[in-house]
Amino acid sequence: MKSLKILSILLIVAFLAAGCGAKAPAELKVAVLAPLSGPVPTFGNSTRDGFLLAVEEWNAKGGVLGMTVVPVVEDSQCTPDPAVNAANKVINQDGVHYIIGEVCSKASIPVSEIANAAGVIQISPTSTNPSVTVDANGVTKGYIFRACFIDPFQGLVGAKFASENLGAKTAFLMVDQANDYVKGLAEAFKKSFTELGGTIVGEESYTANDTDFSAILAKVADANPDVIYLPDYYNIVNLAAKQAKEKGITAPFMGGDGWDSSDLDVVAAAGGYFTNHYSAEDPRPEVQTFVAAYTAKYGSTPDALATLAYDATNLMFQAITEAGADDTAKVKAALEGITFNGVSGTIKFDASHNPIKSATILKVTAEGVKFEAVVNP
Amino acid sequence: MQTISQKQKSIHIVTPNSFLAWIGKFLLILIALFALFVLAKNLIAKPSLFAQNVLDGLKLGFVYALIALGYTMVYGIVKLINFAHGDVFMVGAFVSFFAVEFLGLHVWPLAVFPNINPLLANVLGTITIILLSMVICVLLAITIERVAYKPLRDAPRIAALITAIGVSFFLEYFGLLEFVFSARFIPYKRPFEEMTWYIKDGIHQVEAGVTTPPGSITFSNIFVVIVIATVLAQLFLQYLVRRTKIGIAMRATSFDKPTARLMGINVDQVISFTFGIGAAFAALGGVLFAIAYPSIKTLMGVYPGLKAFVAAVLGGIGSIPGAFVGALIMGQAEVLTSAYVSTPMRDAIAFSILIIVLLIRPTGIFGEPEKEKA
């Protein structure tokens with residue numbers, strides 16, 4: 001009697017184990033490394049929400065290649081050590097082959113070393129530092145990609161918009177020589193604007209401590225350019241734009257995603273334009289479908305971080321689908337040749353695994369920031 | 001005995017010293033001539049642009065003058081360089097920010113008298129804001145004086161100087177706390193709307209969205225307000241120091257503290273009063289600076305404070321007209337450097353002027369040579 005009982009238990013266990021074994025290939029584990037705590041928790045929450053929405057949508061459609069996606073969420077704190085620990089945990093313990101993250105470049109870079117060595121695909125949604133996808137010797141890390149454009153790309157798109165959409169022939173550059181972000185954008189703008197037939201009528205530098213821009217703006221007024229390119233953060237833009245109004249300067253200011261802040265003085269900067277990753281007001285159906293789904297699930301409008309995380313996740317799943325198997329070498333090849341139509345634009349990868357994609361141009365008006373156009377490179 | 005030994009000392013080093021000084025002066029004259037040449041060349045090339053820069057330099061210089069007055073007065077009385085002065089300036093700007101943004105104090109005349117002339121309403125509202133900032137800053141400065149400086153009145157001067165630096169750091173890093181002023185750049189809402197005019201065949205108003213004709217010189221009502229406020233403050237101070245009883249007491253205290261005390265002057269009160277007046281001017285400067293450059297942050301007082309200090313030393317620390325003239329020179333030096341050399345060089349050149357003046361005339365432009373040295 002007892003032996004029968006034991007036998008039946010063993011049988012049940014065996015069946016269960018068999019069941020598990022049969023079910024295992026139908027699961028696809030994907031991890032997100034998001035800074036849920038640390039200096040930028042709002043970035044982490046948005047990233048996780050965008051990721052989970054994409055996972056939910058694919059599972060509702062029947063999964064990726066018939067496999068149910070199992071999300072693994074880890075807090076990587078926007079800091080190298082916790083991010084490395086999280087990456088080791090998901091790769092070695094959870095057996096994950098696909099990572100979305102990190103948000104911050106300084107955390108994404110050490111994670112990329114581990115992922116690339118383990119042959120695990122990593123797509124960072126928002127890290128803009130070139131070293132995320134390229135190592136110190138300038139060799140592309142094969143398994144590492146990103147979904148956002150890198151900084152200088154915004155200068156290129158800004159120049160294209162100024163030249164083609166605004167019809168600008170002359171531009172004036174204001175540059176903080178000590179800030180790599182500003183310098184990178186300004187140099188790219190200068191190069192592209194000149195190539196498109198425009199003239200740079202003046203270039204002036206300042207420092208981040210400056211509050212008085214009168215001498216520079218007097219030169220701007222004297223040169224009377226069609227646009228003024230100031231790709232700095234909103235605080236410098238607020239000061240310079242206000243003082244420009246006092247000088248009777250009407251040429252629009254232009255800049256990059258450093259302007260994207262609720263503290264941007266929209267009255268002072270009214271008439272200006274800046275490049276950004278995405279706008280919730282973009283009328284394209286991809287954007288509006290996503291905004292509606294996100295708002296229904298979380299009750300708030302998605303920001304750029306949620307959007308890029310959503311795009312990075314969908315990009316990963318589309319690549320796996322195109323590869324036809326849960327095999328990272330094939331997925332890597334698929335990503336390199338992919339044309340992905342995402343919310344933040346159509347993505348193709350260059351040799352350094354940086355996306356060639358469209359950027360969104362936003363217009364500053366006294367009532368707020370409005371969607372203006374999507375510019376393709 | 002002392003004079004003899006000093007004479008002997010100077011005889012020993014007179015030859016190499018005067019030779020070095022001669023080379024130094026010759027070099028300085030060359031630099032000055034070169035600077036004049038650059039300025040003259042640009043003046044001839046584009047007179048309107050040059051005039052515009054001079055006007056912008058005046059705007060900056062007038063604000064520095066208000067801060068420099070506080071440094072120079074406090075130094076004149078207690079021989080203390082009050083490094084916390086730049087931070088009192090910052091507090092003044094923040095008080096006006098809170099008054100405008102959260103209390104809406106600048107619109108009270110319109111709320112109380114709906115039929116009032118809008119210009120008068122603006123003037124009254126702005127004056128209210130300035131007065132509120134002044135009162136808070138005066139209280140702050142008197143508290144600082146009582147808590148941090150008064151106990152050290154008889155201590156060596158270096159102790160008081162280090163305390164002043166400590167107070168400055170305290171105000172800055174207390175202000176940086178998230179629940180105080182935070183470390184953010186805060187867009188400043190002006191208590192009045194700005195209006196701009198340009199000079200080109202007469203004075204015209206600049207209209208929104210219309211580019212001013214080339215070669216015109218622009219100025220705004222903010223510039224006018226700054227000039228009027230600073231000139232009034234300067235005249236008031238001259239009157240106060242020269243013509244009133246407290247002014248006589250201040251001068252007496254500055255000249256000889258123990259004797260002034262023997263003459264029945266309440267020296268502590270006079271010193272507190274001096275700190276208060278200095279802080280009131282710093283508050284006025286803070287509000288005007290925030291109106292002119294409308295983005296405020298907790299560390300906004302550091303650079304203007306330092307430059308106003310240089311202006312005070314340049315003009316001759318302790319001298320009220322000196323502070324004013326020194327500040328105007330600093331303003332011009334900064335804007336003209338920015339216009340004709342390069343903007344990142346502006347601070348370097350502004351501070352080099354200090355070194356040059358101290359080399360040629362250590363007591364500053366208006367300073368009297370010190371008769372005694374402890």
# chains A, B, ... in the order shown; residues from 1 in each chain; ligands from 1
>>> residues_around(residues="B:Ile353", least_positions_apart="2", cutoff="12 Å", atoms="only C-alpha atoms", output="ChimeraX atom specification")
/B:28,31-32,35,307,310-311,313-315,326-327,329-334,337,346-351,355-361,364
>>> write_last_selection(atoms="C-alpha atoms", output="mmCIF file, in the first residue's frame")
data_model
loop_
_atom_site.group_PDB
_atom_site.id
_atom_site.type_symbol
_atom_site.label_atom_id
_atom_site.label_comp_id
_atom_site.auth_asym_id
_atom_site.auth_seq_id
_atom_site.Cartn_x
_atom_site.Cartn_y
_atom_site.Cartn_z
ATOM 1 C CA LEU B 28 51.873 97.576 -18.122
ATOM 2 C CA ILE B 31 49.515 96.376 -22.398
ATOM 3 C CA ALA B 32 47.352 99.414 -21.696
ATOM 4 C CA ALA B 35 44.129 97.543 -25.100
ATOM 5 C CA LYS B 307 33.643 90.869 -8.659
ATOM 6 C CA VAL B 310 37.361 93.412 -6.638
ATOM 7 C CA ALA B 311 35.544 96.595 -7.641
ATOM 8 C CA VAL B 313 39.410 97.118 -3.807
ATOM 9 C CA LEU B 314 39.982 98.662 -7.220
ATOM 10 C CA GLY B 315 38.227 101.872 -6.223
ATOM 11 C CA GLY B 326 35.574 100.562 -9.432
ATOM 12 C CA ALA B 327 32.301 98.777 -10.190
ATOM 13 C CA ILE B 329 35.328 99.841 -14.510
ATOM 14 C CA MET B 330 34.678 96.162 -13.724
ATOM 15 C CA GLY B 331 31.455 96.197 -15.727
ATOM 16 C CA GLN B 332 33.184 97.748 -18.742
ATOM 17 C CA ALA B 333 36.168 95.422 -18.459
ATOM 18 C CA GLU B 334 33.930 92.380 -18.456
ATOM 19 C CA THR B 337 36.584 91.730 -22.946
ATOM 20 C CA ARG B 346 36.272 87.885 -19.199
ATOM 21 C CA ASP B 347 36.893 86.847 -15.604
ATOM 22 C CA ALA B 348 40.616 86.403 -16.141
ATOM 23 C CA ILE B 349 40.956 89.921 -17.506
ATOM 24 C CA ALA B 350 38.637 91.449 -14.937
ATOM 25 C CA PHE B 351 40.700 89.959 -12.127
ATOM 26 C CA ILE B 355 46.395 92.800 -9.819
ATOM 27 C CA ILE B 356 47.601 95.607 -12.066
ATOM 28 C CA VAL B 357 45.958 98.308 -9.975
ATOM 29 C CA LEU B 358 47.305 96.811 -6.781
ATOM 30 C CA LEU B 359 50.796 96.786 -8.288
ATOM 31 C CA ILE B 360 50.656 100.430 -9.282
ATOM 32 C CA ARG B 361 48.512 101.831 -6.501
ATOM 33 C CA GLY B 364 43.117 101.600 -5.033
#
>>> closest_atom_pairs(of="chain B", to="chain A", cutoff="8 Å", atoms="only C-alpha atoms", output="tab-separated table")
residue	atom	partner	partner_atom	distance
B:Leu49	CA	A:Ala218	CA	6.8
B:Gln52	CA	A:Ala218	CA	7.0
B:Asn53	CA	A:Ala215	CA	6.1
B:Asp56	CA	A:Ser214	CA	6.2
B:Phe185	CA	A:Asn235	CA	6.0
B:Ile186	CA	A:Asp263	CA	7.2
B:Pro187	CA	A:Asp265	CA	6.6
B:Glu194	CA	A:Glu246	CA	7.9
B:Met195	CA	A:Glu246	CA	7.6
B:Thr196	CA	A:Glu246	CA	5.8
B:Val206	CA	A:Gly248	CA	6.3
B:Glu207	CA	A:Gly248	CA	7.9
B:Ala208	CA	A:Gly248	CA	7.8
B:Gly209	CA	A:Thr250	CA	5.6
B:Val210	CA	A:Thr250	CA	6.5
B:Thr211	CA	A:Thr250	CA	5.6
B:Thr212	CA	A:Gly248	CA	5.7
B:Pro214	CA	A:Asp222	CA	6.5
B:Gly215	CA	A:Asp222	CA	7.1
B:Thr218	CA	A:Lys247	CA	5.7
B:Phe219	CA	A:Glu246	CA	7.1
B:Ser220	CA	A:Glu246	CA	6.4
B:Tyr293	CA	A:Leu239	CA	6.2
B:Pro294	CA	A:Leu239	CA	6.3
B:Ser295	CA	A:Leu239	CA	6.2
B:Val335	CA	A:Ala215	CA	5.8
B:Leu336	CA	A:Ala215	CA	7.4
B:Ser338	CA	A:Ala215	CA	5.9
B:Ala339	CA	A:Ala215	CA	4.9
B:Ser342	CA	A:Ser205	CA	7.4
B:Thr343	CA	A:Tyr206	CA	5.2
B:Pro344	CA	A:Tyr206	CA	5.4
>>> write_last_selection(atoms="C-alpha atoms", output="PDB file, in the first residue's frame")
ATOM      1  CA  LEU B  49      28.158  98.111 -31.622  1.00  0.00           C
ATOM      2  CA  GLN B  52      25.906  99.023 -27.300  1.00  0.00           C
ATOM      3  CA  ASN B  53      28.650  97.188 -25.439  1.00  0.00           C
ATOM      4  CA  ASP B  56      25.603  96.768 -21.490  1.00  0.00           C
ATOM      5  CA  PHE B 185      18.216  77.005 -11.764  1.00  0.00           C
ATOM      6  CA  ILE B 186      14.925  78.745 -11.200  1.00  0.00           C
ATOM      7  CA  PRO B 187      13.334  80.913 -13.897  1.00  0.00           C
ATOM      8  CA  GLU B 194      10.112  94.650 -19.895  1.00  0.00           C
ATOM      9  CA  MET B 195      10.001  97.179 -22.696  1.00  0.00           C
ATOM     10  CA  THR B 196      12.827  97.806 -25.103  1.00  0.00           C
ATOM     11  CA  VAL B 206      11.052  97.625 -30.190  1.00  0.00           C
ATOM     12  CA  GLU B 207       7.969  95.666 -31.194  1.00  0.00           C
ATOM     13  CA  ALA B 208       7.693  91.933 -30.674  1.00  0.00           C
ATOM     14  CA  GLY B 209       8.694  89.954 -33.755  1.00  0.00           C
ATOM     15  CA  VAL B 210      10.196  92.953 -35.572  1.00  0.00           C
ATOM     16  CA  THR B 211      13.955  92.935 -36.085  1.00  0.00           C
ATOM     17  CA  THR B 212      15.599  96.212 -35.163  1.00  0.00           C
ATOM     18  CA  PRO B 214      21.120  97.311 -38.272  1.00  0.00           C
ATOM     19  CA  GLY B 215      23.339  99.747 -36.421  1.00  0.00           C
ATOM     20  CA  THR B 218      18.975  98.960 -27.810  1.00  0.00           C
ATOM     21  CA  PHE B 219      18.209  99.531 -24.170  1.00  0.00           C
ATOM     22  CA  SER B 220      15.338  98.443 -21.939  1.00  0.00           C
ATOM     23  CA  TYR B 293      19.398  88.224 -15.667  1.00  0.00           C
ATOM     24  CA  PRO B 294      16.224  86.319 -14.809  1.00  0.00           C
ATOM     25  CA  SER B 295      17.478  82.914 -13.732  1.00  0.00           C
ATOM     26  CA  VAL B 335      31.656  93.298 -21.318  1.00  0.00           C
ATOM     27  CA  LEU B 336      34.380  94.786 -23.515  1.00  0.00           C
ATOM     28  CA  SER B 338      33.679  89.523 -23.825  1.00  0.00           C
ATOM     29  CA  ALA B 339      32.992  91.578 -26.944  1.00  0.00           C
ATOM     30  CA  SER B 342      36.626  86.306 -25.816  1.00  0.00           C
ATOM     31  CA  THR B 343      33.891  85.521 -23.347  1.00  0.00           C
ATOM     32  CA  PRO B 344      35.724  82.792 -21.408  1.00  0.00           C
TER      33      PRO B 344
END
>>> atom_distance(atom1="atom CA of A:Gly258", atom2="atom CA of A:Ala241")
14.6 Å
>>> residues_around(residues="stretch 316-329 of chain A", least_positions_apart="5", cutoff="12 Å", atoms="only C-alpha atoms", output="VMD selection string")
chain A and resid 25 to 32 51 54 to 55 57 to 59 63 to 69 96 to 101 115 to 116 118 to 125 142 to 147 309 to 311 334 to 342 347 to 348
>>> write_last_selection(atoms="C-alpha atoms", output="PDB file, in the first residue's frame")
ATOM      1  CA  PRO A  25      11.252  25.915 -24.706  1.00  0.00           C
ATOM      2  CA  ALA A  26       8.028  27.891 -24.953  1.00  0.00           C
ATOM      3  CA  GLU A  27       9.386  30.557 -22.601  1.00  0.00           C
ATOM      4  CA  LEU A  28      11.564  33.514 -23.524  1.00  0.00           C
ATOM      5  CA  LYS A  29      13.183  35.343 -20.621  1.00  0.00           C
ATOM      6  CA  VAL A  30      13.980  39.008 -21.183  1.00  0.00           C
ATOM      7  CA  ALA A  31      15.489  41.215 -18.488  1.00  0.00           C
ATOM      8  CA  VAL A  32      15.226  44.959 -17.986  1.00  0.00           C
ATOM      9  CA  PHE A  51       9.228  47.560 -21.270  1.00  0.00           C
ATOM     10  CA  ALA A  54       5.695  45.881 -24.893  1.00  0.00           C
ATOM     11  CA  VAL A  55       6.000  42.445 -23.214  1.00  0.00           C
ATOM     12  CA  GLU A  57       1.366  43.291 -26.004  1.00  0.00           C
ATOM     13  CA  TRP A  58       3.560  40.559 -27.512  1.00  0.00           C
ATOM     14  CA  ASN A  59       2.203  37.950 -25.072  1.00  0.00           C
ATOM     15  CA  GLY A  63       4.318  35.561 -27.733  1.00  0.00           C
ATOM     16  CA  VAL A  64       7.557  35.732 -29.684  1.00  0.00           C
ATOM     17  CA  LEU A  65       7.886  32.781 -32.120  1.00  0.00           C
ATOM     18  CA  GLY A  66       5.186  31.105 -30.020  1.00  0.00           C
ATOM     19  CA  MET A  67       7.227  31.492 -26.814  1.00  0.00           C
ATOM     20  CA  THR A  68       5.693  33.319 -23.877  1.00  0.00           C
ATOM     21  CA  VAL A  69       7.838  36.231 -22.801  1.00  0.00           C
ATOM     22  CA  VAL A  96      18.527  35.417 -19.687  1.00  0.00           C
ATOM     23  CA  HIS A  97      19.844  35.950 -23.241  1.00  0.00           C
ATOM     24  CA  TYR A  98      18.329  39.368 -23.876  1.00  0.00           C
ATOM     25  CA  ILE A  99      18.770  42.545 -21.792  1.00  0.00           C
ATOM     26  CA  ILE A 100      17.057  45.908 -22.165  1.00  0.00           C
ATOM     27  CA  GLY A 101      19.011  48.610 -20.307  1.00  0.00           C
ATOM     28  CA  ALA A 115      26.874  41.012 -21.912  1.00  0.00           C
ATOM     29  CA  ASN A 116      29.178  41.124 -24.918  1.00  0.00           C
ATOM     30  CA  ALA A 118      28.624  36.271 -22.512  1.00  0.00           C
ATOM     31  CA  GLY A 119      27.119  36.596 -25.983  1.00  0.00           C
ATOM     32  CA  VAL A 120      23.970  38.150 -24.563  1.00  0.00           C
ATOM     33  CA  ILE A 121      22.171  40.775 -26.635  1.00  0.00           C
ATOM     34  CA  GLN A 122      21.873  44.132 -24.861  1.00  0.00           C
ATOM     35  CA  ILE A 123      19.881  47.068 -26.193  1.00  0.00           C
ATOM     36  CA  SER A 124      20.194  50.237 -24.151  1.00  0.00           C
ATOM     37  CA  PRO A 125      17.144  52.409 -24.671  1.00  0.00           C
ATOM     38  CA  GLY A 142      29.008  42.798 -31.432  1.00  0.00           C
ATOM     39  CA  TYR A 143      26.086  42.066 -29.140  1.00  0.00           C
ATOM     40  CA  ILE A 144      25.433  45.617 -27.911  1.00  0.00           C
ATOM     41  CA  PHE A 145      22.958  48.029 -29.525  1.00  0.00           C
ATOM     42  CA  ARG A 146      21.070  51.166 -28.535  1.00  0.00           C
ATOM     43  CA  ALA A 147      17.665  52.562 -29.449  1.00  0.00           C
ATOM     44  CA  ALA A 309      12.238  51.427 -23.587  1.00  0.00           C
ATOM     45  CA  TYR A 310       9.103  50.361 -25.454  1.00  0.00           C
ATOM     46  CA  ASP A 311      10.917  50.733 -28.778  1.00  0.00           C
ATOM     47  CA  ALA A 334      19.073  40.187 -37.661  1.00  0.00           C
ATOM     48  CA  LEU A 335      19.523  43.430 -35.686  1.00  0.00           C
ATOM     49  CA  GLU A 336      22.374  44.530 -37.924  1.00  0.00           C
ATOM     50  CA  GLY A 337      20.148  44.264 -40.983  1.00  0.00           C
ATOM     51  CA  ILE A 338      16.852  45.331 -39.428  1.00  0.00           C
ATOM     52  CA  THR A 339      14.480  48.087 -40.483  1.00  0.00           C
ATOM     53  CA  PHE A 340      12.349  48.687 -37.438  1.00  0.00           C
ATOM     54  CA  ASN A 341       9.378  51.014 -37.512  1.00  0.00           C
ATOM     55  CA  GLY A 342       9.102  52.244 -33.929  1.00  0.00           C
ATOM     56  CA  ILE A 347      15.572  52.520 -36.830  1.00  0.00           C
ATOM     57  CA  LYS A 348      18.445  51.059 -38.858  1.00  0.00           C
TER      58      LYS A 348
END
>>> residues_around(residues="A:Ala306", least_positions_apart="5", cutoff="8 Å", atoms="only C-alpha atoms", output="JSON, numbers by chain")
{"A": [46, 47, 48, 49, 50, 51]}
